[in-house]
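Colleague: The structure follows.
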Amino acid sequence: MTASARPSVPRVVICGLGFITSIGNEQSTVAQNLRALRHGFAPIEFIPGCDLPIKIAGTIKDFDTRSPHFADWSWPAARYPFGREVLRSIPPHGLHAFCALDQAIGDARLAPADLKAEDTGLFTASAGSPFLQRHFLNGMHESQGGRLQPLGIVSTIAGTLNFNLAAHHGIRGGVCGFVSACASTAHALGYAHDEIRLGRHQRILVVGAEDLSAESTYSFHGMRVLSRNPDPATASRPFDRARDGFVGTGGACALVIEDAASAQARGAPIYAELIGWGQASDGHHMAVSDPAGQGLARAMRRALAASRLDPADVDYVNAHATSTPAGDRSEALALHAVFTAAGAHPAISSTKALTGHALSMAGAMEAGFCALALREGFIPGQAHLTDPDPVCDDLNLPRQTLDRAPEVVLSNSSGFGGSNVVLALRRWSGSPHGN
Amino acid sequence: MNESPRNPEDSLRGFPPATVAACLAFRAQGDPAALDTAITGIIQHLLPKRPDQPVASFPGTALLVEDLGLDSFSMVEMTFIFEDVFGAPLAQEELVKVRTLDDLRALIQRSIPSGK
């Protein structure tokens, strides 16, 4: 086949965003808070009445899903009028996911028929709902096996977002869940990119969500990786010498990933081009990052190579850095290996200083933040950094937001088992076809 | 296996006040009119999709699945609630024969312990 006869490879874009996050439940609020470096932390009682050492979290405002009974939940129901048909089979983070996806679908100007098209897919990730599962399983044991909630499984296991969102929207393309812990939705975005580049799908909805609960969040205290700092202004401080762990959060984020030509034809807003991605594993430990950051460095190099970029082309890296002593150090070393060693000094920040760590939804949320930064022309600063860890010497960690439009951005994610994923995004311009 | 009923107020969490009131009135006084209000109110609330007209206005021959839109999961939930509210254990072999609203009414009435 001659080059002229070869079908052009579609460019892949982000053309719809939805956020239910600790820093805002609307895109405009999220963008304002990212620019202003306003955090979303508030006091929380993970187990009511217990004086636990973990005092704060990235709470979701205007939603109350603390009860296992959806009849007790409150949310902006006038905006999101979901009834029993939806609520009976979803966990708390499922409600957030339905709302975030509703925003993203509207933002991307997708009609119900677009969602039902055979080349529309859905990729999701969440850890399921151990909170709701505990409630149902307690009922099973208390009744000695007599009372089994009929929708207990589909509303609680990992995959609950797939089951519910795909059925609700009539998705007929590929539907798949991703399980690589805190790299899960970054994986989902990477494979969504590939599916579209390969011409298998025209668009894929990518949704990440997590419960914010004792079961999903406070459980991490067992590993001693949560910050004990009760001060919302300093508890999450990635790359700071005084960091002592991450602050948990939940919520949901949804992105519409689409063939640029089809997004443009519909008049959808194009936030950014997803130009490539890379992944690599540490091969080191089931829960601790490789101290030298070699896996993450390899993932960044692969993302750059797949996107035909040099380190010097990158203007901003949205770091995974969760504010744990070991993880941030590992990432700093990986950033040195890829950028400092090449004489490149992109701006670097971890927006988890503002949001907290959203676990499996972090990759989608932070890719969404990068898309906003690319479209609106700013680089979020490194909030809460006062005394940088010496390992960060020579890394460019701006303390304030930069009013500068980045051209190329990397978004890093790392999960348990040393699973590293790096997404490369570029400011949108040009034709819908690449090569 | 322990299938002893839960507190009916717990089982009826989120149900419309009129349905809860009818359930409690039947439990307290055994009023047959309250029983039918309770049955149709419970079904109405458990339907995955809101019907065009109240369940109480459907004829007794209305089919639970085809006409009202009840699904198998709702049937299981409904069974638990009837057992909790009316103290009426609904035998699985009887339940599978239920097709219409009147079938269900008859089964519940047969299953309610005497004295209620």
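Numbering starts fresh at 1 for the residues of each chain in the structure tokens, the chains themselves are lettered A, B, ... in the order given, and ligands are numbered from 1 as they appear.
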Hey, list the chain A side of the contact with chain B: 8 Å cut-off, only C-alpha atoms, answer as a PyMOL selection string.
Modeller: chain A and resi 69+71-72+84-85+143-147+149-151
Colleague: Step one, run DSSP on the backbone; step two, keep only residues of region 215-366 of chain A assigned to strand (DSSP E); then write them as a list of chain:residue names.
Modeller: A:Gly251, A:Ala252, A:Cys253, A:Ala254, A:Leu255, A:Val256, A:Ile257, A:Glu258, A:Asp259, A:Ala272, A:Glu273, A:Leu274, A:Ile275, A:Gly276, A:Trp277, A:Gly278, A:Gln279, A:Ala280, A:Ser281, A:Tyr316, A:Val317, A:Asn318, A:Ala347, A:Ile348, A:Ser349
Colleague: Would you export the selected residues with N, CA, C and O atoms as a tab-separated table (two decimals), in the first residue's frame, please?
Modeller:
```
chain	number	residue	atom	x	y	z
A	251	GLY	N	-15.13	10.68	44.94
A	251	GLY	CA	-15.81	11.43	43.89
A	251	GLY	C	-15.74	10.71	42.56
A	251	GLY	O	-15.67	9.47	42.52
A	252	ALA	N	-15.75	11.49	41.47
A	252	ALA	CA	-15.74	10.87	40.14
A	252	ALA	C	-15.24	11.88	39.12
A	252	ALA	O	-15.34	13.09	39.30
A	253	CYS	N	-14.69	11.33	38.06
A	253	CYS	CA	-14.29	12.16	36.93
A	253	CYS	C	-14.61	11.38	35.65
A	253	CYS	O	-14.43	10.16	35.60
A	254	ALA	N	-15.09	12.08	34.64
A	254	ALA	CA	-15.43	11.43	33.37
A	254	ALA	C	-14.83	12.23	32.22
A	254	ALA	O	-14.82	13.46	32.26
A	255	LEU	N	-14.31	11.51	31.25
A	255	LEU	CA	-13.74	12.15	30.06
A	255	LEU	C	-14.31	11.48	28.81
A	255	LEU	O	-14.48	10.24	28.79
A	256	VAL	N	-14.57	12.26	27.81
A	256	VAL	CA	-14.94	11.71	26.51
A	256	VAL	C	-13.68	11.76	25.64
A	256	VAL	O	-13.13	12.84	25.39
A	257	ILE	N	-13.23	10.59	25.20
A	257	ILE	CA	-12.05	10.46	24.36
A	257	ILE	C	-12.55	10.11	22.96
A	257	ILE	O	-13.30	9.13	22.80
A	258	GLU	N	-12.15	10.85	21.96
A	258	GLU	CA	-12.80	10.68	20.66
A	258	GLU	C	-11.85	10.96	19.51
A	258	GLU	O	-10.87	11.70	19.63
A	259	ASP	N	-12.17	10.35	18.39
A	259	ASP	CA	-11.55	10.67	17.10
A	259	ASP	C	-11.79	12.17	16.84
A	259	ASP	O	-12.94	12.64	16.90
A	272	ALA	N	-7.80	19.03	24.49
A	272	ALA	CA	-6.41	18.65	24.31
A	272	ALA	C	-6.36	17.42	23.41
A	272	ALA	O	-7.35	16.70	23.27
A	273	GLU	N	-5.19	17.22	22.84
A	273	GLU	CA	-4.97	15.98	22.10
A	273	GLU	C	-4.24	15.00	23.02
A	273	GLU	O	-3.30	15.38	23.71
A	274	LEU	N	-4.72	13.78	23.04
A	274	LEU	CA	-4.02	12.72	23.76
A	274	LEU	C	-3.09	12.08	22.74
A	274	LEU	O	-3.53	11.36	21.84
A	275	ILE	N	-1.80	12.41	22.83
A	275	ILE	CA	-0.91	12.05	21.72
A	275	ILE	C	-0.23	10.71	21.90
A	275	ILE	O	0.21	10.10	20.93
A	276	GLY	N	-0.14	10.23	23.10
A	276	GLY	CA	0.50	8.93	23.30
A	276	GLY	C	0.59	8.61	24.77
A	276	GLY	O	0.19	9.41	25.62
A	277	TRP	N	1.12	7.45	25.04
A	277	TRP	CA	1.28	7.07	26.44
A	277	TRP	C	2.32	5.97	26.56
A	277	TRP	O	2.72	5.37	25.55
A	278	GLY	N	2.75	5.76	27.79
A	278	GLY	CA	3.72	4.69	28.03
A	278	GLY	C	3.43	4.04	29.36
A	278	GLY	O	2.81	4.64	30.24
A	279	GLN	N	3.85	2.80	29.49
A	279	GLN	CA	3.69	2.11	30.77
A	279	GLN	C	4.88	1.22	31.02
A	279	GLN	O	5.53	0.74	30.08
A	280	ALA	N	5.17	1.00	32.29
A	280	ALA	CA	6.25	0.10	32.68
A	280	ALA	C	6.06	-0.26	34.15
A	280	ALA	O	5.51	0.54	34.91
A	281	SER	N	6.52	-1.42	34.52
A	281	SER	CA	6.38	-1.85	35.90
A	281	SER	C	7.73	-1.84	36.61
A	281	SER	O	8.78	-1.99	35.99
A	316	TYR	N	5.07	20.85	31.14
A	316	TYR	CA	4.51	20.64	32.48
A	316	TYR	C	4.33	19.14	32.72
A	316	TYR	O	3.88	18.41	31.82
A	317	VAL	N	4.68	18.71	33.92
A	317	VAL	CA	4.40	17.33	34.34
A	317	VAL	C	3.46	17.38	35.54
A	317	VAL	O	3.80	17.98	36.57
A	318	ASN	N	2.28	16.78	35.40
A	318	ASN	CA	1.40	16.60	36.54
A	318	ASN	C	1.85	15.32	37.23
A	318	ASN	O	1.61	14.21	36.74
A	347	ALA	N	7.98	22.56	34.19
A	347	ALA	CA	7.29	22.83	35.46
A	347	ALA	C	6.67	21.51	35.94
A	347	ALA	O	6.15	20.73	35.13
A	348	ILE	N	6.75	21.31	37.23
A	348	ILE	CA	6.22	20.06	37.82
A	348	ILE	C	5.35	20.43	39.02
A	348	ILE	O	5.73	21.28	39.83
A	349	SER	N	4.19	19.80	39.12
A	349	SER	CA	3.40	19.94	40.35
A	349	SER	C	2.51	18.71	40.51
A	349	SER	O	2.17	18.05	39.53
```
Colleague: Rounded to one decimal, what separation in Å do you get between CA of Arg38 (chain A) and CA of Ile379 (chain A)?
Modeller: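 Interatomic distance, CA of Arg38 (chain A) to CA of Ile379 (chain A): 14.2 Å.
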Colleague: Within 9 Å of region 327-334 of chain A, counting only C-alpha atoms, which residues show up once you throw out same-chain ones fewer than 4 positions away? Write them as a list in words, please.
Modeller: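 Counting only C-alpha atoms, the residues come to Pro238, Phe239, Asp240, Val288, Ser289, Asp290, Pro291, Ala292, Gly293, Gln294, Gly295, Leu296, Ala297, Arg298, Met300, Ala319, His320, Ala321, Thr322, Ser323, Val338, Phe339, Asp389, Val391, Cys392 and Leu395 of chain A.
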Colleague: Between CA of Phe70 (chain A) and CA of Ala22 (chain B), what distance in Å does the model show, to one decimal?
Modeller: 22.4 Å
Colleague: May I have the residues within 8 Å of Val314 (chain A) as a ChimeraX atom specification, using only C-alpha atoms and disregarding those fewer than 6 positions away in the same chain?
Modeller: /A:346,407-410
Colleague: Set the distance at 10 Å and use only C-alpha atoms: which residues neighbour region 21-37 of chain A once local chain neighbours fewer than 2 positions away are removed? I'd like the list as a PyMOL selection string.
Modeller: chain A and resi 17-19+39-42+57-63+96+99-100+103-104+107+209+249-253+351+353-356+358+365+368-369+372-373+376+378-384+399-403
Colleague: Any idea what's packed within 8 Å of region 27-39 of chain B, counting only C-alpha atoms, ignoring anything in its chain fewer than 5 positions away? Could you give it as a short mmCIF file (atom, residue, chain, number, x, y, z; two decimals) with C-alpha atoms, in the first residue's frame?
Modeller:
```cif
data_model
loop_
_atom_site.label_atom_id
_atom_site.label_comp_id
_atom_site.auth_asym_id
_atom_site.auth_seq_id
_atom_site.Cartn_x
_atom_site.Cartn_y
_atom_site.Cartn_z
CA THR B 19 -47.53 3.44 52.18
CA VAL B 20 -45.74 3.29 55.53
CA ALA B 22 -51.01 1.80 55.54
CA ALA B 56 -53.71 0.69 42.67
CA VAL B 85 -44.10 -5.89 57.25
CA PHE B 86 -46.82 -8.51 57.34
CA ARG B 105 -52.90 -10.38 46.90
CA LYS B 116 -53.71 -10.20 61.85
#
```
Colleague: As a ChimeraX atom specification, list the residues of chain B assigned to helix (DSSP H, G or I) by DSSP on the backbone atoms of this structure.
Modeller: /B:8-11,17-29,32-46,55-57,72-86,92-95,101-111
Colleague: Got a sec: who's within 12 Å of Pro54 (chain B), counting only C-alpha atoms, leaving out chain neighbours fewer than 5 positions off, as a list in words?
Modeller: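 After dropping sequence-adjacent residues, the list is Thr37, Thr40, Gly41, Ile42, Ile43, Gln44, His45, Leu47, Pro59 and Leu68 of chain B.
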Colleague: Restricting the calculation to only C-alpha atoms, which member of B:Ala18, B:Glu83, B:Pro8, B:Leu63 is positioned closest to Val98 (chain B)?
Modeller: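 Smallest distance to Val98 (chain B) is found for B:Leu63.
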Colleague: Which residue, A:Leu335, A:Ile90, A:Phe220, A:Gly363, has the smallest gap to Arg301 (chain A) when you use only C-alpha atoms?
Modeller: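 Distance minimum relative to Arg301 (chain A) lands on A:Leu335.
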Colleague: Quick one: of A:Asp387, A:Glu215, A:Asp313, A:Glu210, who's nearest to Ile20 (chain A), counting only C-alpha atoms?
Modeller: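 The closest residue to Ile20 (chain A) is A:Glu210.
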Colleague: Given the choices A:Ile153, A:Ala344, A:Ala235, A:Ile196, which gets closest to Ile54 (chain A) if the distance is worked out from only C-alpha atoms?
Modeller: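 Of all the options, A:Ala235 lies closest to Ile54 (chain A).
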Colleague: Rounded to one decimal in Å, what is the spacing between CA of Pro390 (chain A) and CA of Phe246 (chain A)?
Modeller: 19.5 Å
